[in-house]
$ cat protein08.cif   # mmCIF, N, CA and C atoms
data_model
loop_
_atom_site.group_PDB
_atom_site.id
_atom_site.type_symbol
_atom_site.label_atom_id
_atom_site.label_comp_id
_atom_site.auth_asym_id
_atom_site.auth_seq_id
_atom_site.Cartn_x
_atom_site.Cartn_y
_atom_site.Cartn_z
ATOM 1 N N MET A 1 -119.968 212.695 12.459
ATOM 2 C CA MET A 1 -118.680 212.415 11.845
ATOM 3 C C MET A 1 -118.870 212.186 10.356
ATOM 4 N N GLY A 2 -117.905 212.640 9.597
ATOM 5 C CA GLY A 2 -117.969 212.444 8.163
ATOM 6 C C GLY A 2 -117.569 211.037 7.750
ATOM 7 N N ALA A 3 -117.886 210.701 6.521
ATOM 8 C CA ALA A 3 -117.604 209.359 6.013
ATOM 9 C C ALA A 3 -116.109 209.045 6.016
ATOM 10 N N GLU A 4 -115.271 210.022 5.663
ATOM 11 C CA GLU A 4 -113.820 209.787 5.639
ATOM 12 C C GLU A 4 -113.277 209.506 7.038
ATOM 13 N N LEU A 5 -113.781 210.219 8.024
ATOM 14 C CA LEU A 5 -113.343 210.015 9.402
ATOM 15 C C LEU A 5 -113.757 208.633 9.895
ATOM 16 N N VAL A 6 -114.973 208.223 9.595
ATOM 17 C CA VAL A 6 -115.452 206.901 10.000
ATOM 18 C C VAL A 6 -114.628 205.819 9.321
ATOM 19 N N ARG A 7 -114.341 205.978 8.053
ATOM 20 C CA ARG A 7 -113.534 205.008 7.315
ATOM 21 C C ARG A 7 -112.137 204.904 7.929
ATOM 22 N N SER A 8 -111.548 206.028 8.240
ATOM 23 C CA SER A 8 -110.220 206.050 8.846
ATOM 24 C C SER A 8 -110.245 205.410 10.233
ATOM 25 N N TYR A 9 -111.270 205.706 11.025
ATOM 26 C CA TYR A 9 -111.416 205.119 12.354
ATOM 27 C C TYR A 9 -111.464 203.596 12.261
ATOM 28 N N ARG A 10 -112.272 203.083 11.361
ATOM 29 C CA ARG A 10 -112.391 201.621 11.199
ATOM 30 C C ARG A 10 -111.062 201.000 10.801
ATOM 31 N N LYS A 11 -110.318 201.668 9.929
ATOM 32 C CA LYS A 11 -109.015 201.163 9.507
ATOM 33 C C LYS A 11 -108.048 201.103 10.690
ATOM 34 N N VAL A 12 -107.984 202.167 11.464
ATOM 35 C CA VAL A 12 -107.058 202.225 12.601
ATOM 36 C C VAL A 12 -107.451 201.207 13.668
ATOM 37 N N VAL A 13 -108.741 201.077 13.956
ATOM 38 C CA VAL A 13 -109.187 200.093 14.943
ATOM 39 C C VAL A 13 -108.850 198.679 14.463
ATOM 40 N N GLY A 14 -108.951 198.429 13.186
ATOM 41 C CA GLY A 14 -108.552 197.132 12.636
ATOM 42 C C GLY A 14 -107.068 196.868 12.848
ATOM 43 N N LEU A 15 -106.248 197.894 12.652
ATOM 44 C CA LEU A 15 -104.809 197.752 12.897
ATOM 45 C C LEU A 15 -104.528 197.524 14.376
ATOM 46 N N LEU A 16 -105.240 198.234 15.247
ATOM 47 C CA LEU A 16 -105.085 198.033 16.688
ATOM 48 C C LEU A 16 -105.445 196.602 17.070
ATOM 49 N N TYR A 17 -106.494 196.090 16.491
ATOM 50 C CA TYR A 17 -106.963 194.736 16.794
ATOM 51 C C TYR A 17 -105.959 193.675 16.351
ATOM 52 N N SER A 18 -105.339 193.888 15.204
ATOM 53 C CA SER A 18 -104.435 192.868 14.657
ATOM 54 C C SER A 18 -103.002 192.973 15.173
ATOM 55 N N ALA A 19 -102.615 194.123 15.712
ATOM 56 C CA ALA A 19 -101.240 194.305 16.185
ATOM 57 C C ALA A 19 -101.017 193.548 17.492
ATOM 58 N N THR A 20 -99.822 193.007 17.642
ATOM 59 C CA THR A 20 -99.506 192.281 18.866
ATOM 60 C C THR A 20 -99.089 193.214 19.995
ATOM 61 N N ASP A 21 -98.533 194.380 19.670
ATOM 62 C CA ASP A 21 -98.177 195.382 20.683
ATOM 63 C C ASP A 21 -97.987 196.735 20.014
ATOM 64 N N ASP A 22 -97.772 197.775 20.833
ATOM 65 C CA ASP A 22 -97.668 199.121 20.269
ATOM 66 C C ASP A 22 -96.396 199.305 19.445
ATOM 67 N N ARG A 23 -95.380 198.486 19.676
ATOM 68 C CA ARG A 23 -94.170 198.572 18.840
ATOM 69 C C ARG A 23 -94.482 198.205 17.398
ATOM 70 N N GLU A 24 -95.358 197.251 17.213
ATOM 71 C CA GLU A 24 -95.764 196.867 15.861
ATOM 72 C C GLU A 24 -96.514 198.013 15.177
ATOM 73 N N LEU A 25 -97.285 198.771 15.942
ATOM 74 C CA LEU A 25 -98.019 199.908 15.374
ATOM 75 C C LEU A 25 -97.074 201.001 14.901
ATOM 76 N N ARG A 26 -95.923 201.121 15.527
ATOM 77 C CA ARG A 26 -94.950 202.144 15.131
ATOM 78 C C ARG A 26 -94.400 201.907 13.722
ATOM 79 N N THR A 27 -94.524 200.684 13.218
ATOM 80 C CA THR A 27 -94.055 200.403 11.859
ATOM 81 C C THR A 27 -94.951 201.066 10.809
ATOM 82 N N PHE A 28 -96.182 201.417 11.201
ATOM 83 C CA PHE A 28 -97.101 202.120 10.308
ATOM 84 C C PHE A 28 -96.869 203.616 10.485
ATOM 85 N N LYS A 29 -95.955 204.169 9.725
ATOM 86 C CA LYS A 29 -95.568 205.583 9.874
ATOM 87 C C LYS A 29 -96.750 206.530 9.678
ATOM 88 N N SER A 30 -97.715 206.161 8.863
ATOM 89 C CA SER A 30 -98.851 207.048 8.598
ATOM 90 C C SER A 30 -99.738 207.247 9.828
ATOM 91 N N LEU A 31 -99.644 206.360 10.822
ATOM 92 C CA LEU A 31 -100.440 206.518 12.035
ATOM 93 C C LEU A 31 -99.898 207.606 12.953
ATOM 94 N N HIS A 32 -98.625 207.905 12.822
ATOM 95 C CA HIS A 32 -97.982 208.905 13.682
ATOM 96 C C HIS A 32 -98.273 208.631 15.162
ATOM 97 N N LEU A 33 -98.059 207.388 15.573
ATOM 98 C CA LEU A 33 -98.272 207.006 16.960
ATOM 99 C C LEU A 33 -97.307 207.769 17.846
ATOM 100 N N GLU A 34 -97.853 208.449 18.855
ATOM 101 C CA GLU A 34 -96.984 209.177 19.779
ATOM 102 C C GLU A 34 -97.554 209.150 21.179
ATOM 103 N N LYS A 35 -96.655 209.066 22.151
ATOM 104 C CA LYS A 35 -97.047 209.143 23.551
ATOM 105 C C LYS A 35 -97.306 210.600 23.878
ATOM 106 N N LEU A 36 -98.354 210.833 24.647
ATOM 107 C CA LEU A 36 -98.727 212.192 24.998
ATOM 108 C C LEU A 36 -98.146 212.583 26.353
ATOM 109 N N LYS A 37 -98.100 213.878 26.595
ATOM 110 C CA LYS A 37 -97.505 214.419 27.816
ATOM 111 C C LYS A 37 -98.522 215.253 28.569
ATOM 112 N N GLY A 38 -98.107 215.773 29.710
ATOM 113 C CA GLY A 38 -98.940 216.688 30.488
ATOM 114 C C GLY A 38 -100.174 216.000 31.038
ATOM 115 N N ASP A 39 -101.333 216.632 30.821
ATOM 116 C CA ASP A 39 -102.601 216.091 31.315
ATOM 117 C C ASP A 39 -102.937 214.746 30.697
ATOM 118 N N ARG A 40 -102.348 214.449 29.563
ATOM 119 C CA ARG A 40 -102.633 213.204 28.859
ATOM 120 C C ARG A 40 -101.527 212.158 29.014
ATOM 121 N N LYS A 41 -100.714 212.307 30.043
ATOM 122 C CA LYS A 41 -99.638 211.343 30.290
ATOM 123 C C LYS A 41 -100.243 209.947 30.456
ATOM 124 N N GLY A 42 -99.621 208.957 29.824
ATOM 125 C CA GLY A 42 -100.136 207.593 29.845
ATOM 126 C C GLY A 42 -101.040 207.280 28.673
ATOM 127 N N GLN A 43 -101.342 208.284 27.870
ATOM 128 C CA GLN A 43 -102.175 208.099 26.687
ATOM 129 C C GLN A 43 -101.319 208.252 25.440
ATOM 130 N N SER A 44 -101.831 207.753 24.334
ATOM 131 C CA SER A 44 -101.154 207.881 23.046
ATOM 132 C C SER A 44 -102.157 208.358 22.010
ATOM 133 N N SER A 45 -101.643 208.955 20.939
ATOM 134 C CA SER A 45 -102.534 209.390 19.864
ATOM 135 C C SER A 45 -102.114 208.731 18.557
ATOM 136 N N LEU A 46 -103.112 208.500 17.715
ATOM 137 C CA LEU A 46 -102.913 207.956 16.377
ATOM 138 C C LEU A 46 -103.657 208.860 15.410
ATOM 139 N N ARG A 47 -103.064 209.135 14.283
ATOM 140 C CA ARG A 47 -103.685 210.020 13.299
ATOM 141 C C ARG A 47 -104.842 209.313 12.614
ATOM 142 N N LEU A 48 -105.933 210.032 12.521
ATOM 143 C CA LEU A 48 -107.073 209.577 11.738
ATOM 144 C C LEU A 48 -107.113 210.424 10.475
ATOM 145 N N TYR A 49 -108.266 210.915 10.114
ATOM 146 C CA TYR A 49 -108.440 211.713 8.909
ATOM 147 C C TYR A 49 -108.274 213.184 9.242
ATOM 148 N N GLY A 50 -107.503 213.895 8.438
ATOM 149 C CA GLY A 50 -107.319 215.328 8.630
ATOM 150 C C GLY A 50 -106.621 215.632 9.941
ATOM 151 N N ARG A 51 -107.223 216.527 10.720
ATOM 152 C CA ARG A 51 -106.619 216.943 11.992
ATOM 153 C C ARG A 51 -107.083 216.091 13.163
ATOM 154 N N ASN A 52 -107.876 215.075 12.906
ATOM 155 C CA ASN A 52 -108.445 214.263 13.971
ATOM 156 C C ASN A 52 -107.473 213.187 14.437
ATOM 157 N N ARG A 53 -107.483 212.960 15.744
ATOM 158 C CA ARG A 53 -106.624 211.951 16.356
ATOM 159 C C ARG A 53 -107.475 211.022 17.206
ATOM 160 N N LEU A 54 -107.062 209.766 17.250
ATOM 161 C CA LEU A 54 -107.678 208.777 18.123
ATOM 162 C C LEU A 54 -106.807 208.699 19.365
ATOM 163 N N ILE A 55 -107.377 208.978 20.521
ATOM 164 C CA ILE A 55 -106.644 208.949 21.781
ATOM 165 C C ILE A 55 -106.920 207.598 22.441
ATOM 166 N N VAL A 56 -105.833 206.881 22.777
ATOM 167 C CA VAL A 56 -105.942 205.539 23.358
ATOM 168 C C VAL A 56 -105.009 205.411 24.552
ATOM 169 N N ARG A 57 -105.243 204.358 25.313
ATOM 170 C CA ARG A 57 -104.355 203.986 26.411
ATOM 171 C C ARG A 57 -104.054 202.496 26.246
ATOM 172 N N PHE A 58 -102.783 202.124 26.322
ATOM 173 C CA PHE A 58 -102.369 200.727 26.229
ATOM 174 C C PHE A 58 -102.233 200.161 27.631
ATOM 175 N N ARG A 59 -102.859 199.023 27.880
ATOM 176 C CA ARG A 59 -102.735 198.335 29.161
ATOM 177 C C ARG A 59 -102.400 196.881 28.900
ATOM 178 N N SER A 60 -101.722 196.272 29.843
ATOM 179 C CA SER A 60 -101.389 194.858 29.738
ATOM 180 C C SER A 60 -101.630 194.185 31.071
ATOM 181 N N ASP A 61 -102.043 192.942 30.999
ATOM 182 C CA ASP A 61 -102.071 192.117 32.195
ATOM 183 C C ASP A 61 -101.362 190.817 31.854
ATOM 184 N N ALA A 62 -101.399 189.857 32.713
ATOM 185 C CA ALA A 62 -100.648 188.617 32.506
ATOM 186 C C ALA A 62 -101.128 187.832 31.293
ATOM 187 N N ARG A 63 -102.366 188.025 30.895
ATOM 188 C CA ARG A 63 -102.927 187.231 29.809
ATOM 189 C C ARG A 63 -103.016 187.926 28.464
ATOM 190 N N ARG A 64 -103.116 189.247 28.458
ATOM 191 C CA ARG A 64 -103.386 189.912 27.181
ATOM 192 C C ARG A 64 -103.030 191.396 27.217
ATOM 193 N N ARG A 65 -103.081 191.979 26.030
ATOM 194 C CA ARG A 65 -102.880 193.418 25.840
ATOM 195 C C ARG A 65 -104.241 194.034 25.558
ATOM 196 N N VAL A 66 -104.495 195.166 26.167
ATOM 197 C CA VAL A 66 -105.779 195.833 25.999
ATOM 198 C C VAL A 66 -105.527 197.253 25.515
ATOM 199 N N VAL A 67 -106.298 197.669 24.514
ATOM 200 C CA VAL A 67 -106.262 199.050 24.040
ATOM 201 C C VAL A 67 -107.591 199.684 24.421
ATOM 202 N N VAL A 68 -107.524 200.745 25.206
ATOM 203 C CA VAL A 68 -108.725 201.461 25.623
ATOM 204 C C VAL A 68 -108.847 202.706 24.754
ATOM 205 N N VAL A 69 -109.928 202.791 24.002
ATOM 206 C CA VAL A 69 -110.189 203.969 23.179
ATOM 207 C C VAL A 69 -110.825 205.024 24.075
ATOM 208 N N ILE A 70 -110.186 206.192 24.138
ATOM 209 C CA ILE A 70 -110.656 207.254 25.014
ATOM 210 C C ILE A 70 -111.547 208.229 24.261
ATOM 211 N N GLU A 71 -111.055 208.742 23.119
ATOM 212 C CA GLU A 71 -111.862 209.697 22.366
ATOM 213 C C GLU A 71 -111.246 209.973 21.002
ATOM 214 N N ILE A 72 -112.054 210.591 20.170
ATOM 215 C CA ILE A 72 -111.577 211.163 18.904
ATOM 216 C C ILE A 72 -111.591 212.666 19.132
ATOM 217 N N VAL A 73 -110.464 213.312 18.810
ATOM 218 C CA VAL A 73 -110.339 214.734 19.107
ATOM 219 C C VAL A 73 -109.696 215.458 17.926
ATOM 220 N N ASP A 74 -110.148 216.691 17.686
ATOM 221 C CA ASP A 74 -109.493 217.581 16.731
ATOM 222 C C ASP A 74 -108.314 218.157 17.474
ATOM 223 N N TYR A 75 -107.120 217.725 17.150
ATOM 224 C CA TYR A 75 -105.949 217.981 17.979
ATOM 225 C C TYR A 75 -105.212 219.253 17.625
ATOM 226 N N HIS A 76 -105.799 220.124 16.812
ATOM 227 C CA HIS A 76 -105.111 221.384 16.474
ATOM 228 C C HIS A 76 -105.973 222.567 16.797
#

$ encode --input "protein08.cif" --output "structure tokens"
Amino acid sequence: MGAELVRSYRKVVGLLYSATDDRELRTFKSLHLEKLKGDRKGQSSLRLYGRNRLIVRFRSDARRRVVVVIEIVDYH
């Protein structure tokens, strides 16, 4: 991975860590948070650097919210 991609990944993971829920992440328009369809139903993507996207899944239980990082993918 290039330096710009790593820098972007760290920034997005920091935002994921500090956000209270995915609605708060939607306020960051540059992330382009979107729910995925088809084979990726239940997953969401966030824009990283260039054409790369961070694929995540949001889960909740009675005590906390969990973000599962699935992969970084060139989405085009």

$ closest_residue --input "protein08.cif" --among "A:Ser45, A:Gly50, A:Leu36, A:Arg65" --to "Glu4 in chain A" --atoms "all atoms listed in the file"
A:Gly50

$ atom_distance --input "protein08.cif" --atom1 "CA of Ser18 in chain A" --atom2 "CA of Arg64 in chain A"
12.9 Å

$ residues_around --input "protein08.cif" --residues "Glu34 in chain A" --least-positions-apart "6" --cutoff "6.5 Å" --atoms "all atoms listed in the file" --output "PDB file with N, CA and C atoms, in the frame of the given file"
ATOM      1  N   GLN A  43    -101.342 208.284  27.870  1.00  0.00           N
ATOM      2  CA  GLN A  43    -102.175 208.099  26.687  1.00  0.00           C
ATOM      3  C   GLN A  43    -101.319 208.252  25.440  1.00  0.00           C
ATOM      4  N   SER A  44    -101.831 207.753  24.334  1.00  0.00           N
ATOM      5  CA  SER A  44    -101.154 207.881  23.046  1.00  0.00           C
ATOM      6  C   SER A  44    -102.157 208.358  22.010  1.00  0.00           C
ATOM      7  N   SER A  45    -101.643 208.955  20.939  1.00  0.00           N
ATOM      8  CA  SER A  45    -102.534 209.390  19.864  1.00  0.00           C
ATOM      9  C   SER A  45    -102.114 208.731  18.557  1.00  0.00           C
ATOM     10  N   LEU A  46    -103.112 208.500  17.715  1.00  0.00           N
ATOM     11  CA  LEU A  46    -102.913 207.956  16.377  1.00  0.00           C
ATOM     12  C   LEU A  46    -103.657 208.860  15.410  1.00  0.00           C
TER      13      LEU A  46
END

$ residues_around --input "protein08.cif" --residues "Ile70 in chain A" --least-positions-apart "3" --cutoff "8 Å" --atoms "only C-alpha atoms" --output "PyMOL selection string"
chain A and resi 54-57

$ atom_distance --input "protein08.cif" --atom1 "CA of Val6 in chain A" --atom2 "CA of Thr27 in chain A"
22.4 Å

$ build_atoms --input "protein08.cif" --residues "range 2-13 of chain A" --atoms "all heavy atoms" --output "tab-separated table (two decimals), in the frame of the given file"
chain	number	residue	atom	x	y	z
A	2	GLY	N	-117.90	212.64	9.60
A	2	GLY	CA	-117.97	212.44	8.16
A	2	GLY	C	-117.57	211.04	7.75
A	2	GLY	O	-116.97	210.28	8.52
A	3	ALA	N	-117.89	210.70	6.52
A	3	ALA	CA	-117.60	209.36	6.01
A	3	ALA	C	-116.11	209.04	6.02
A	3	ALA	O	-115.71	207.92	6.34
A	3	ALA	CB	-118.17	209.22	4.60
A	4	GLU	N	-115.27	210.02	5.66
A	4	GLU	CA	-113.82	209.79	5.64
A	4	GLU	C	-113.28	209.51	7.04
A	4	GLU	O	-112.42	208.65	7.21
A	4	GLU	CB	-113.09	210.98	5.02
A	4	GLU	CG	-113.28	211.11	3.55
A	4	GLU	CD	-112.66	209.96	2.77
A	4	GLU	OE1	-111.62	209.43	3.20
A	4	GLU	OE2	-113.23	209.59	1.73
A	5	LEU	N	-113.78	210.22	8.02
A	5	LEU	CA	-113.34	210.02	9.40
A	5	LEU	C	-113.76	208.63	9.90
A	5	LEU	O	-112.97	207.93	10.53
A	5	LEU	CB	-113.90	211.10	10.32
A	5	LEU	CG	-113.49	211.01	11.79
A	5	LEU	CD1	-111.98	211.02	11.96
A	5	LEU	CD2	-114.12	212.16	12.57
A	6	VAL	N	-114.97	208.22	9.60
A	6	VAL	CA	-115.45	206.90	10.00
A	6	VAL	C	-114.63	205.82	9.32
A	6	VAL	O	-114.22	204.84	9.96
A	6	VAL	CB	-116.96	206.74	9.69
A	6	VAL	CG1	-117.40	205.30	9.91
A	6	VAL	CG2	-117.77	207.70	10.54
A	7	ARG	N	-114.34	205.98	8.05
A	7	ARG	CA	-113.53	205.01	7.32
A	7	ARG	C	-112.14	204.90	7.93
A	7	ARG	O	-111.62	203.81	8.14
A	7	ARG	CB	-113.45	205.42	5.85
A	7	ARG	CG	-112.83	204.38	4.95
A	7	ARG	CD	-112.88	204.77	3.48
A	7	ARG	NE	-114.26	205.00	3.04
A	7	ARG	CZ	-114.71	206.14	2.51
A	7	ARG	NH1	-113.90	207.15	2.32
A	7	ARG	NH2	-115.97	206.27	2.16
A	8	SER	N	-111.55	206.03	8.24
A	8	SER	CA	-110.22	206.05	8.85
A	8	SER	C	-110.24	205.41	10.23
A	8	SER	O	-109.35	204.65	10.60
A	8	SER	CB	-109.72	207.49	8.93
A	8	SER	OG	-108.46	207.54	9.52
A	9	TYR	N	-111.27	205.71	11.02
A	9	TYR	CA	-111.42	205.12	12.35
A	9	TYR	C	-111.46	203.60	12.26
A	9	TYR	O	-110.78	202.89	13.00
A	9	TYR	CB	-112.67	205.66	13.03
A	9	TYR	CG	-112.99	204.98	14.33
A	9	TYR	CD1	-112.34	205.33	15.50
A	9	TYR	CD2	-113.95	203.96	14.38
A	9	TYR	CE1	-112.62	204.69	16.70
A	9	TYR	CE2	-114.24	203.32	15.57
A	9	TYR	CZ	-113.57	203.68	16.73
A	9	TYR	OH	-113.86	203.04	17.90
A	10	ARG	N	-112.27	203.08	11.36
A	10	ARG	CA	-112.39	201.62	11.20
A	10	ARG	C	-111.06	201.00	10.80
A	10	ARG	O	-110.70	199.92	11.28
A	10	ARG	CB	-113.46	201.29	10.17
A	10	ARG	CG	-114.84	201.55	10.67
A	10	ARG	CD	-115.87	201.22	9.63
A	10	ARG	NE	-117.21	201.40	10.17
A	10	ARG	CZ	-118.29	201.46	9.43
A	10	ARG	NH1	-118.20	201.35	8.11
A	10	ARG	NH2	-119.46	201.62	9.99
A	11	LYS	N	-110.32	201.67	9.93
A	11	LYS	CA	-109.02	201.16	9.51
A	11	LYS	C	-108.05	201.10	10.69
A	11	LYS	O	-107.39	200.08	10.91
A	11	LYS	CB	-108.44	202.06	8.41
A	11	LYS	CG	-107.06	201.67	7.98
A	11	LYS	CD	-106.53	202.67	6.97
A	11	LYS	CE	-105.06	202.43	6.70
A	11	LYS	NZ	-104.46	203.47	5.89
A	12	VAL	N	-107.98	202.17	11.46
A	12	VAL	CA	-107.06	202.22	12.60
A	12	VAL	C	-107.45	201.21	13.67
A	12	VAL	O	-106.59	200.52	14.22
A	12	VAL	CB	-106.98	203.66	13.17
A	12	VAL	CG1	-106.21	203.69	14.48
A	12	VAL	CG2	-106.32	204.58	12.16
A	13	VAL	N	-108.74	201.08	13.96
A	13	VAL	CA	-109.19	200.09	14.94
A	13	VAL	C	-108.85	198.68	14.46
A	13	VAL	O	-108.44	197.83	15.26
A	13	VAL	CB	-110.69	200.26	15.26
A	13	VAL	CG1	-111.22	199.08	16.05
A	13	VAL	CG2	-110.91	201.55	16.03
